[in-house]
$ cat query-v2.txt   # compact mmCIF, C-alpha atoms and all ligand atoms
# COMPACT_ATOMS: atom_id res chain seq x y z
CA MET B 1 -8.43 24.29 -33.06
CA LYS B 2 -5.03 22.78 -33.64
CA PHE B 3 -3.55 25.07 -31.01
CA LEU B 4 -6.25 24.01 -28.58
CA ASN B 5 -5.41 20.36 -29.22
CA ILE B 6 -1.75 20.98 -28.57
CA LEU B 7 -2.62 22.94 -25.46
CA THR B 8 -4.88 20.15 -24.21
CA SER B 9 -2.18 17.54 -24.86
CA PHE B 10 0.36 19.69 -23.09
CA ILE B 11 -1.88 20.13 -20.04
CA LEU B 12 -2.64 16.40 -20.05
CA LEU B 13 1.05 15.57 -20.26
CA LEU B 14 1.80 18.00 -17.46
CA THR B 15 -0.92 16.50 -15.26
CA VAL B 16 0.29 12.96 -15.91
CA THR B 17 3.91 13.93 -15.26
CA VAL B 18 3.09 15.77 -12.05
CA GLY B 19 0.82 12.92 -10.91
CA PHE B 20 3.52 10.37 -11.65
CA ALA B 21 6.19 12.40 -9.91
CA GLN B 22 4.00 12.80 -6.83
CA LYS B 23 3.44 9.07 -6.65
CA LYS B 24 7.10 8.15 -7.07
CA GLU B 25 8.88 10.85 -5.15
CA VAL B 26 8.11 10.59 -1.46
CA GLN B 27 9.96 13.20 0.57
CA ILE B 28 10.59 12.77 4.27
CA LYS B 29 9.51 15.96 6.02
CA VAL B 30 11.20 16.58 9.37
CA THR B 31 9.47 18.64 12.08
CA LYS B 32 11.21 19.58 15.31
CA VAL B 33 8.71 18.93 18.09
CA THR B 34 10.87 19.66 21.17
CA ASP B 35 14.60 20.01 21.91
CA HIS B 36 15.24 16.39 21.05
CA VAL B 37 12.03 14.91 19.67
CA TYR B 38 11.28 15.09 15.95
CA MET B 39 8.40 13.97 13.77
CA LEU B 40 9.12 12.46 10.34
CA VAL B 41 6.39 12.39 7.74
CA GLY B 42 6.73 10.52 4.46
CA GLN B 43 4.30 7.84 3.33
CA GLY B 44 2.50 5.71 5.91
CA GLY B 45 2.38 6.18 9.66
CA ASN B 46 4.01 9.20 11.30
CA ILE B 47 7.48 8.47 12.68
CA ALA B 48 8.82 10.02 15.89
CA ILE B 49 12.43 9.99 17.01
CA SER B 50 14.22 11.03 20.18
CA VAL B 51 17.78 12.17 19.58
CA GLY B 52 20.48 12.48 22.25
CA ASN B 53 23.69 11.17 23.81
CA ASP B 54 22.34 7.63 24.12
CA GLY B 55 21.48 7.46 20.42
CA VAL B 56 18.25 7.46 18.47
CA PHE B 57 15.01 6.05 19.83
CA MET B 58 12.52 5.58 17.00
CA ILE B 59 8.79 4.93 16.73
CA ASP B 60 7.52 3.18 13.57
CA ASP B 61 9.32 2.93 10.21
CA GLN B 62 6.79 3.24 7.32
CA PHE B 63 7.65 1.12 4.23
CA ALA B 64 10.80 -0.85 3.35
CA HIS B 65 11.56 1.15 0.17
CA LEU B 66 11.67 4.37 2.23
CA THR B 67 14.32 3.19 4.71
CA PRO B 68 17.25 4.90 2.91
CA LYS B 69 15.37 8.20 2.81
CA ILE B 70 14.30 7.89 6.45
CA LEU B 71 17.90 7.15 7.49
CA ASN B 72 19.08 10.16 5.47
CA ALA B 73 16.57 12.35 7.27
CA ILE B 74 17.76 11.03 10.65
CA GLN B 75 21.39 11.61 9.65
CA SER B 76 20.55 15.22 8.86
CA ILE B 77 19.77 15.60 12.59
CA THR B 78 22.36 13.32 14.26
CA ASP B 79 25.25 10.97 13.46
CA GLN B 80 24.12 8.57 16.19
CA PRO B 81 22.63 5.16 15.22
CA VAL B 82 19.07 4.00 15.89
CA GLU B 83 19.33 1.91 19.08
CA PHE B 84 15.67 1.07 19.66
CA LEU B 85 12.68 0.93 17.33
CA ILE B 86 9.13 0.65 18.69
CA ASN B 87 6.27 -0.62 16.52
CA THR B 88 2.96 0.92 17.63
CA HIS B 89 1.11 -2.00 15.92
CA TRP B 90 1.63 -4.59 13.19
CA HIS B 91 0.29 -2.79 10.06
CA GLY B 92 2.71 -2.63 7.13
CA ASP B 93 2.78 1.18 6.93
CA HIS B 94 4.29 1.21 10.46
CA THR B 95 6.51 -1.91 10.34
CA GLY B 96 7.53 -2.15 6.66
CA GLY B 97 11.09 -1.01 7.35
CA ASN B 98 11.69 -3.46 10.22
CA GLU B 99 13.98 -5.86 8.39
CA ASN B 100 16.16 -3.01 7.10
CA MET B 101 16.28 -1.36 10.50
CA GLN B 102 17.22 -4.59 12.23
CA LYS B 103 20.13 -4.89 9.76
CA GLU B 104 21.13 -1.36 10.76
CA GLY B 105 21.41 -2.60 14.34
CA ALA B 106 18.13 -1.38 15.83
CA VAL B 107 16.52 -3.50 18.55
CA ILE B 108 12.80 -3.79 17.74
CA VAL B 109 10.28 -3.70 20.56
CA ALA B 110 6.49 -4.12 20.37
CA HIS B 111 3.41 -5.53 22.07
CA GLU B 112 3.36 -9.35 21.97
CA ASN B 113 0.40 -9.39 19.53
CA VAL B 114 2.46 -7.43 16.99
CA ARG B 115 5.00 -10.24 16.84
CA LYS B 116 2.22 -12.83 16.82
CA ARG B 117 0.37 -11.24 13.89
CA MET B 118 3.54 -10.51 11.90
CA SER B 119 4.60 -14.16 12.32
CA MET B 120 1.50 -15.49 10.56
CA ASP B 121 -0.37 -14.76 7.31
CA GLN B 122 -3.08 -12.18 8.03
CA PHE B 123 -6.34 -12.16 6.09
CA ASN B 124 -8.35 -8.93 5.88
CA LYS B 125 -12.01 -9.84 5.33
CA LYS B 126 -13.06 -6.33 4.37
CA ARG B 127 -10.44 -5.87 1.67
CA LYS B 128 -10.13 -9.60 0.85
CA THR B 129 -6.36 -9.38 0.98
CA THR B 130 -3.77 -11.55 2.67
CA LYS B 131 -0.57 -10.17 4.10
CA LYS B 132 2.09 -12.85 4.16
CA ALA B 133 3.95 -13.62 7.37
CA SER B 134 7.07 -11.48 7.76
CA PRO B 135 10.56 -13.02 7.75
CA LYS B 136 12.18 -13.60 11.12
CA GLU B 137 14.50 -10.62 10.52
CA ALA B 138 11.51 -8.26 10.54
CA LEU B 139 9.98 -9.42 13.82
CA PRO B 140 10.26 -7.53 17.12
CA VAL B 141 12.87 -9.22 19.34
CA ILE B 142 11.51 -7.86 22.62
CA THR B 143 7.79 -7.93 23.40
CA PHE B 144 5.67 -6.82 26.33
CA SER B 145 2.09 -7.54 27.38
CA LYS B 146 1.04 -4.43 29.33
CA ASP B 147 3.61 -1.68 29.49
CA VAL B 148 7.34 -1.01 29.58
CA SER B 149 9.59 1.97 30.35
CA PHE B 150 12.85 3.00 28.71
CA PHE B 151 15.38 5.30 30.36
CA PHE B 152 17.04 6.91 27.39
CA ASN B 153 18.30 10.34 26.37
CA ASP B 154 17.80 11.69 29.90
CA GLU B 155 14.13 10.89 30.22
CA SER B 156 11.81 8.01 30.89
CA ILE B 157 9.79 6.86 27.94
CA PHE B 158 6.60 5.13 28.98
CA ILE B 159 5.09 2.67 26.51
CA PHE B 160 1.61 1.40 27.33
CA HIS B 161 -0.68 -1.08 25.63
CA VAL B 162 -4.22 -0.01 24.78
CA HIS B 163 -6.40 -3.02 24.41
CA GLU B 164 -8.47 -3.90 21.30
CA ALA B 165 -8.44 -0.37 19.90
CA HIS B 166 -7.13 0.03 16.32
CA THR B 167 -5.83 -3.58 16.57
CA ASP B 168 -5.17 -5.96 19.48
CA GLY B 169 -1.51 -4.99 19.67
CA ASP B 170 -1.53 -1.19 19.94
CA ALA B 171 0.94 0.74 22.04
CA MET B 172 1.16 4.45 22.80
CA VAL B 173 4.53 6.02 23.59
CA TYR B 174 4.85 8.89 26.05
CA PHE B 175 8.07 10.90 26.41
CA THR B 176 7.62 12.04 30.00
CA GLU B 177 10.12 14.95 30.06
CA SER B 178 9.61 16.13 26.51
CA ASN B 179 5.86 15.82 27.09
CA VAL B 180 5.18 14.26 23.70
CA LEU B 181 2.74 11.42 23.06
CA HIS B 182 2.78 9.19 19.98
CA THR B 183 -0.64 7.50 19.78
CA GLY B 184 -0.05 5.09 16.92
CA ASP B 185 -3.24 4.58 14.90
CA ALA B 186 -5.42 4.79 18.02
CA TYR B 187 -5.92 8.38 16.86
CA PHE B 188 -6.32 9.88 13.37
CA GLN B 189 -6.21 13.65 13.87
CA GLY B 190 -9.33 15.37 12.45
CA LYS B 191 -10.71 12.29 10.67
CA TYR B 192 -12.75 9.19 11.51
CA PRO B 193 -10.66 6.34 12.88
CA TYR B 194 -9.86 3.11 11.11
CA ILE B 195 -10.82 0.33 13.50
CA ASP B 196 -9.39 -2.93 12.17
CA LEU B 197 -11.92 -5.49 13.43
CA ASP B 198 -10.06 -8.31 11.64
CA SER B 199 -6.97 -7.51 13.72
CA GLY B 200 -8.84 -7.47 17.02
CA GLY B 201 -9.74 -3.76 17.10
CA SER B 202 -13.07 -2.52 18.48
CA ALA B 203 -15.03 0.73 18.77
CA GLN B 204 -15.30 0.47 22.55
CA GLY B 205 -11.58 -0.35 22.85
CA TYR B 206 -10.71 2.63 20.64
CA ILE B 207 -12.72 4.91 22.92
CA ALA B 208 -11.10 3.40 26.03
CA ALA B 209 -7.64 3.93 24.47
CA ILE B 210 -8.26 7.64 24.02
CA LYS B 211 -9.55 7.91 27.59
CA LYS B 212 -6.34 6.26 28.80
CA ALA B 213 -4.23 8.67 26.74
CA LEU B 214 -6.10 11.65 28.22
CA LEU B 215 -5.22 10.44 31.72
CA VAL B 216 -1.51 10.38 30.89
CA ILE B 217 -1.14 13.76 29.15
CA ASN B 218 -1.75 17.40 30.09
CA ASP B 219 -2.77 20.64 28.35
CA ASP B 220 0.76 21.25 27.04
CA THR B 221 1.39 17.78 25.61
CA LYS B 222 2.27 17.62 21.94
CA ILE B 223 0.47 14.70 20.32
CA ILE B 224 1.80 12.87 17.27
CA PRO B 225 -1.07 10.81 15.82
CA GLY B 226 -0.54 7.68 13.73
CA HIS B 227 -1.57 9.70 10.68
CA ARG B 228 -2.11 13.38 9.85
CA ASN B 229 -1.15 16.50 11.79
CA MET B 230 0.23 17.15 15.25
CA SER B 231 -2.47 17.64 17.83
CA THR B 232 -3.33 18.72 21.38
CA LYS B 233 -5.18 17.45 24.42
CA ALA B 234 -8.12 19.78 23.68
CA GLU B 235 -8.42 18.36 20.17
CA LEU B 236 -8.18 14.77 21.44
CA LYS B 237 -10.92 15.49 23.99
CA ALA B 238 -13.21 16.75 21.21
CA TYR B 239 -12.36 13.62 19.22
CA LEU B 240 -13.41 11.45 22.19
CA GLN B 241 -16.71 13.32 22.44
CA MET B 242 -17.31 12.71 18.74
CA LEU B 243 -16.69 8.96 19.10
CA GLU B 244 -18.81 8.70 22.26
CA SER B 245 -21.72 10.52 20.69
CA ILE B 246 -21.66 8.19 17.67
CA GLU B 247 -21.31 5.17 19.98
CA GLU B 248 -24.37 6.26 21.94
CA LYS B 249 -26.44 6.79 18.79
CA VAL B 250 -25.46 3.41 17.31
CA MET B 251 -26.20 1.68 20.65
CA THR B 252 -29.66 3.27 20.71
CA GLU B 253 -30.35 1.95 17.21
CA ILE B 254 -29.11 -1.53 18.13
CA LYS B 255 -31.34 -1.59 21.21
CA ALA B 256 -34.27 -0.51 19.03
CA GLY B 257 -33.66 -3.62 16.92
CA LYS B 258 -32.20 -1.91 13.85
CA THR B 259 -30.19 -4.09 11.46
CA GLU B 260 -26.63 -3.54 10.30
CA ALA B 261 -27.89 -2.40 6.88
CA GLN B 262 -30.24 0.14 8.47
CA VAL B 263 -27.57 1.63 10.71
CA THR B 264 -25.02 1.68 7.89
CA LYS B 265 -27.47 3.63 5.70
CA ASP B 266 -28.66 6.03 8.42
CA THR B 267 -26.67 9.18 7.64
CA SER B 268 -28.26 11.09 10.54
CA ILE B 269 -26.06 9.17 13.02
CA THR B 270 -22.85 10.80 11.83
CA LYS B 271 -24.25 13.89 10.05
CA LYS B 272 -22.92 16.45 12.53
CA TYR B 273 -19.36 15.12 12.12
CA ASP B 274 -19.64 14.36 8.41
CA ASP B 275 -20.45 18.06 8.01
CA LEU B 276 -17.25 18.92 9.90
CA GLY B 277 -15.23 16.90 7.39
CA TYR B 278 -14.37 13.90 9.56
CA GLY B 279 -15.50 11.54 6.80
CA ASP B 280 -13.55 12.95 3.85
CA TRP B 281 -10.47 10.87 4.21
CA PHE B 282 -9.72 7.16 4.57
CA ILE B 283 -12.90 6.23 6.52
CA SER B 284 -16.30 7.61 5.45
CA GLY B 285 -19.29 8.10 7.76
CA GLU B 286 -20.87 5.02 6.19
CA VAL B 287 -17.86 2.79 6.90
CA LEU B 288 -17.66 4.13 10.44
CA ARG B 289 -21.37 3.41 11.14
CA LYS B 290 -20.95 -0.15 9.85
CA THR B 291 -17.81 -0.68 11.96
CA PHE B 292 -19.48 0.71 15.09
CA TYR B 293 -22.51 -1.51 14.52
CA GLN B 294 -20.42 -4.67 14.03
CA SER B 295 -18.35 -3.85 17.08
CA LEU B 296 -21.13 -2.78 19.46
CA GLN B 297 -23.73 -5.40 18.59
CA LYS B 298 -21.50 -8.00 20.24
CA LEU B 299 -21.85 -6.31 23.64
ZN ZN O 1 -2.66 0.98 11.30
$ encode --input "query-v2.txt" --output "structure tokens"
Amino acid sequence: MKFLNILTSFILLLTVTVGFAQKKEVQIKVTKVTDHVYMLVGQGGNIAISVGNDGVFMIDDQFAHLTPKILNAIQSITDQPVEFLINTHWHGDHTGGNENMQKEGAVIVAHENVRKRMSMDQFNKKRKTTKKASPKEALPVITFSKDVSFFFNDESIFIFHVHEAHTDGDAMVYFTESNVLHTGDAYFQGKYPYIDLDSGGSAQGYIAAIKKALLVINDDTKIIPGHRNMSTKAELKAYLQMLESIEEKVMTEIKAGKTEAQVTKDTSITKKYDDLGYGDWFISGEVLRKTFYQSLQKL
């Protein structure tokens, strides 16, 4: 009995220690995507960098406390500095390192609504949280309204705005020679999307964003989503079909006069995709049905 107690305590201690260590110790995992494009995964949105003679071109920067680790990871690939940093949207897990990166000399570029939202306190109705306005040093210094191209590291990098998708300030970044697309959070590989209605996102805009991405890429494109694993055009096409089928079902229910509560509770709408595991991450089938209802009933 005593031995069992000791054993239990030991296992408990081990679990707590491992759990604690996992929480504290974020490692930045570097994946080589092409000759000069890399994906960096730590905590928060996936980072992409292009490395070459012109320097480092970076997409998103996770959280402020990770900046030293992210810079270490970049220095393990190149001794060149980060010249440009693109924010795919304003959320803190993609822009948290901005102030640090600006101090490092990076020029931050984003859609104009990213700067607008970061300049003011943002209230999230769903989570009842307020994110304070960011200091001036963290704000993008160059903004665009539709799209912009960079000519850097021997290729053109096409950055295009997708309207009212995950937020109202989303941008996708396409490396035209490397054939790599970073989608920002307008795509969560293998899982239901988070559509931030409080930040101007919408279900129909999210669907339109993916359609736009599919027009730009081809069968060989390597896709870096805002979160989760690298993906392909085939997988993104299947993702679009999933969203369109749910959109159609929710629209049918709205036209039949169903209420938000009824649609939110109706598991049959997302069952096929719930069964495939799309709902076992950040956004459940229930949350997705509610979001689609709120978004589509305005049409
Ligand atoms: Zn986001």
$ residues_near_ligand --input "query-v2.txt" --ligand "ligand ZN 1 (chain O)" --cutoff "9 Å" --atoms "only C-alpha atoms and all ligand atoms" --output "count of residues only"
20
$ atom_distance --input "query-v2.txt" --atom1 "atom CA of B:Met58" --atom2 "atom CA of B:Leu243"
29.5 Å
$ atom_distance --input "query-v2.txt" --atom1 "atom CA of B:Lys222" --atom2 "atom CA of B:Thr270"
27.9 Å
$ closest_residue --input "query-v2.txt" --among "B:Gln102, B:Gln122, B:Ser199, B:Thr31" --to "B:Ile224" --atoms "only C-alpha atoms"
B:Thr31
$ atom_distance --input "query-v2.txt" --atom1 "atom CA of B:Ser134" --atom2 "atom CA of B:Gln62"
14.7 Å
$ residues_near_point --input "query-v2.txt" --point "(-8.3, 17.1, 24.2)" --cutoff "12 Å" --atoms "only C-alpha atoms" --output "count of residues only"
29
$ closest_residue --input "query-v2.txt" --among "B:Asp54, B:Lys191, B:Pro135, B:Ser156" --to "B:Ser119" --atoms "all atoms listed in the file"
B:Pro135
$ closest_residue --input "query-v2.txt" --among "B:Ser202, B:Thr34, B:Thr129, B:Thr67" --to "B:Ile49" --atoms "only C-alpha atoms"
B:Thr34
$ closest_residue --input "query-v2.txt" --among "B:Phe123, B:Phe292, B:Tyr192, B:Phe144" --to "B:Tyr278" --atoms "all atoms listed in the file"
B:Tyr192
$ closest_residue --input "query-v2.txt" --among "B:Val141, B:Ile28, B:Ile254, B:Ala209" --to "B:Gly105" --atoms "all atoms listed in the file"
B:Val141
$ closest_residue --input "query-v2.txt" --among "B:Glu247, B:Glu260, B:Thr183, B:Leu296" --to "B:Leu197" --atoms "all atoms listed in the file"
B:Leu296
$ residues_around --input "query-v2.txt" --residues "B:Asp168" --least-positions-apart "3" --cutoff "6 Å" --atoms "all atoms listed in the file" --output "list in words"
His163, Glu164, Gly200 and Gly201 of chain B
$ residues_around --input "query-v2.txt" --residues "B:Ala64" --least-positions-apart "2" --cutoff "8 Å" --atoms "only C-alpha atoms" --output "PyMOL selection string"
chain B and resi 61-62+66-67+96-100
$ residues_near_point --input "query-v2.txt" --point "(-16.9, -2.3, -0.9)" --cutoff "10 Å" --atoms "only C-alpha atoms" --output "PyMOL selection string"
chain B and resi 126-127+287
$ residues_around --input "query-v2.txt" --residues "B:Lys32" --least-positions-apart "6" --cutoff "10 Å" --atoms "all atoms listed in the file" --output "NGL selection string"
:B and (38-40 or 48-49 or 77)
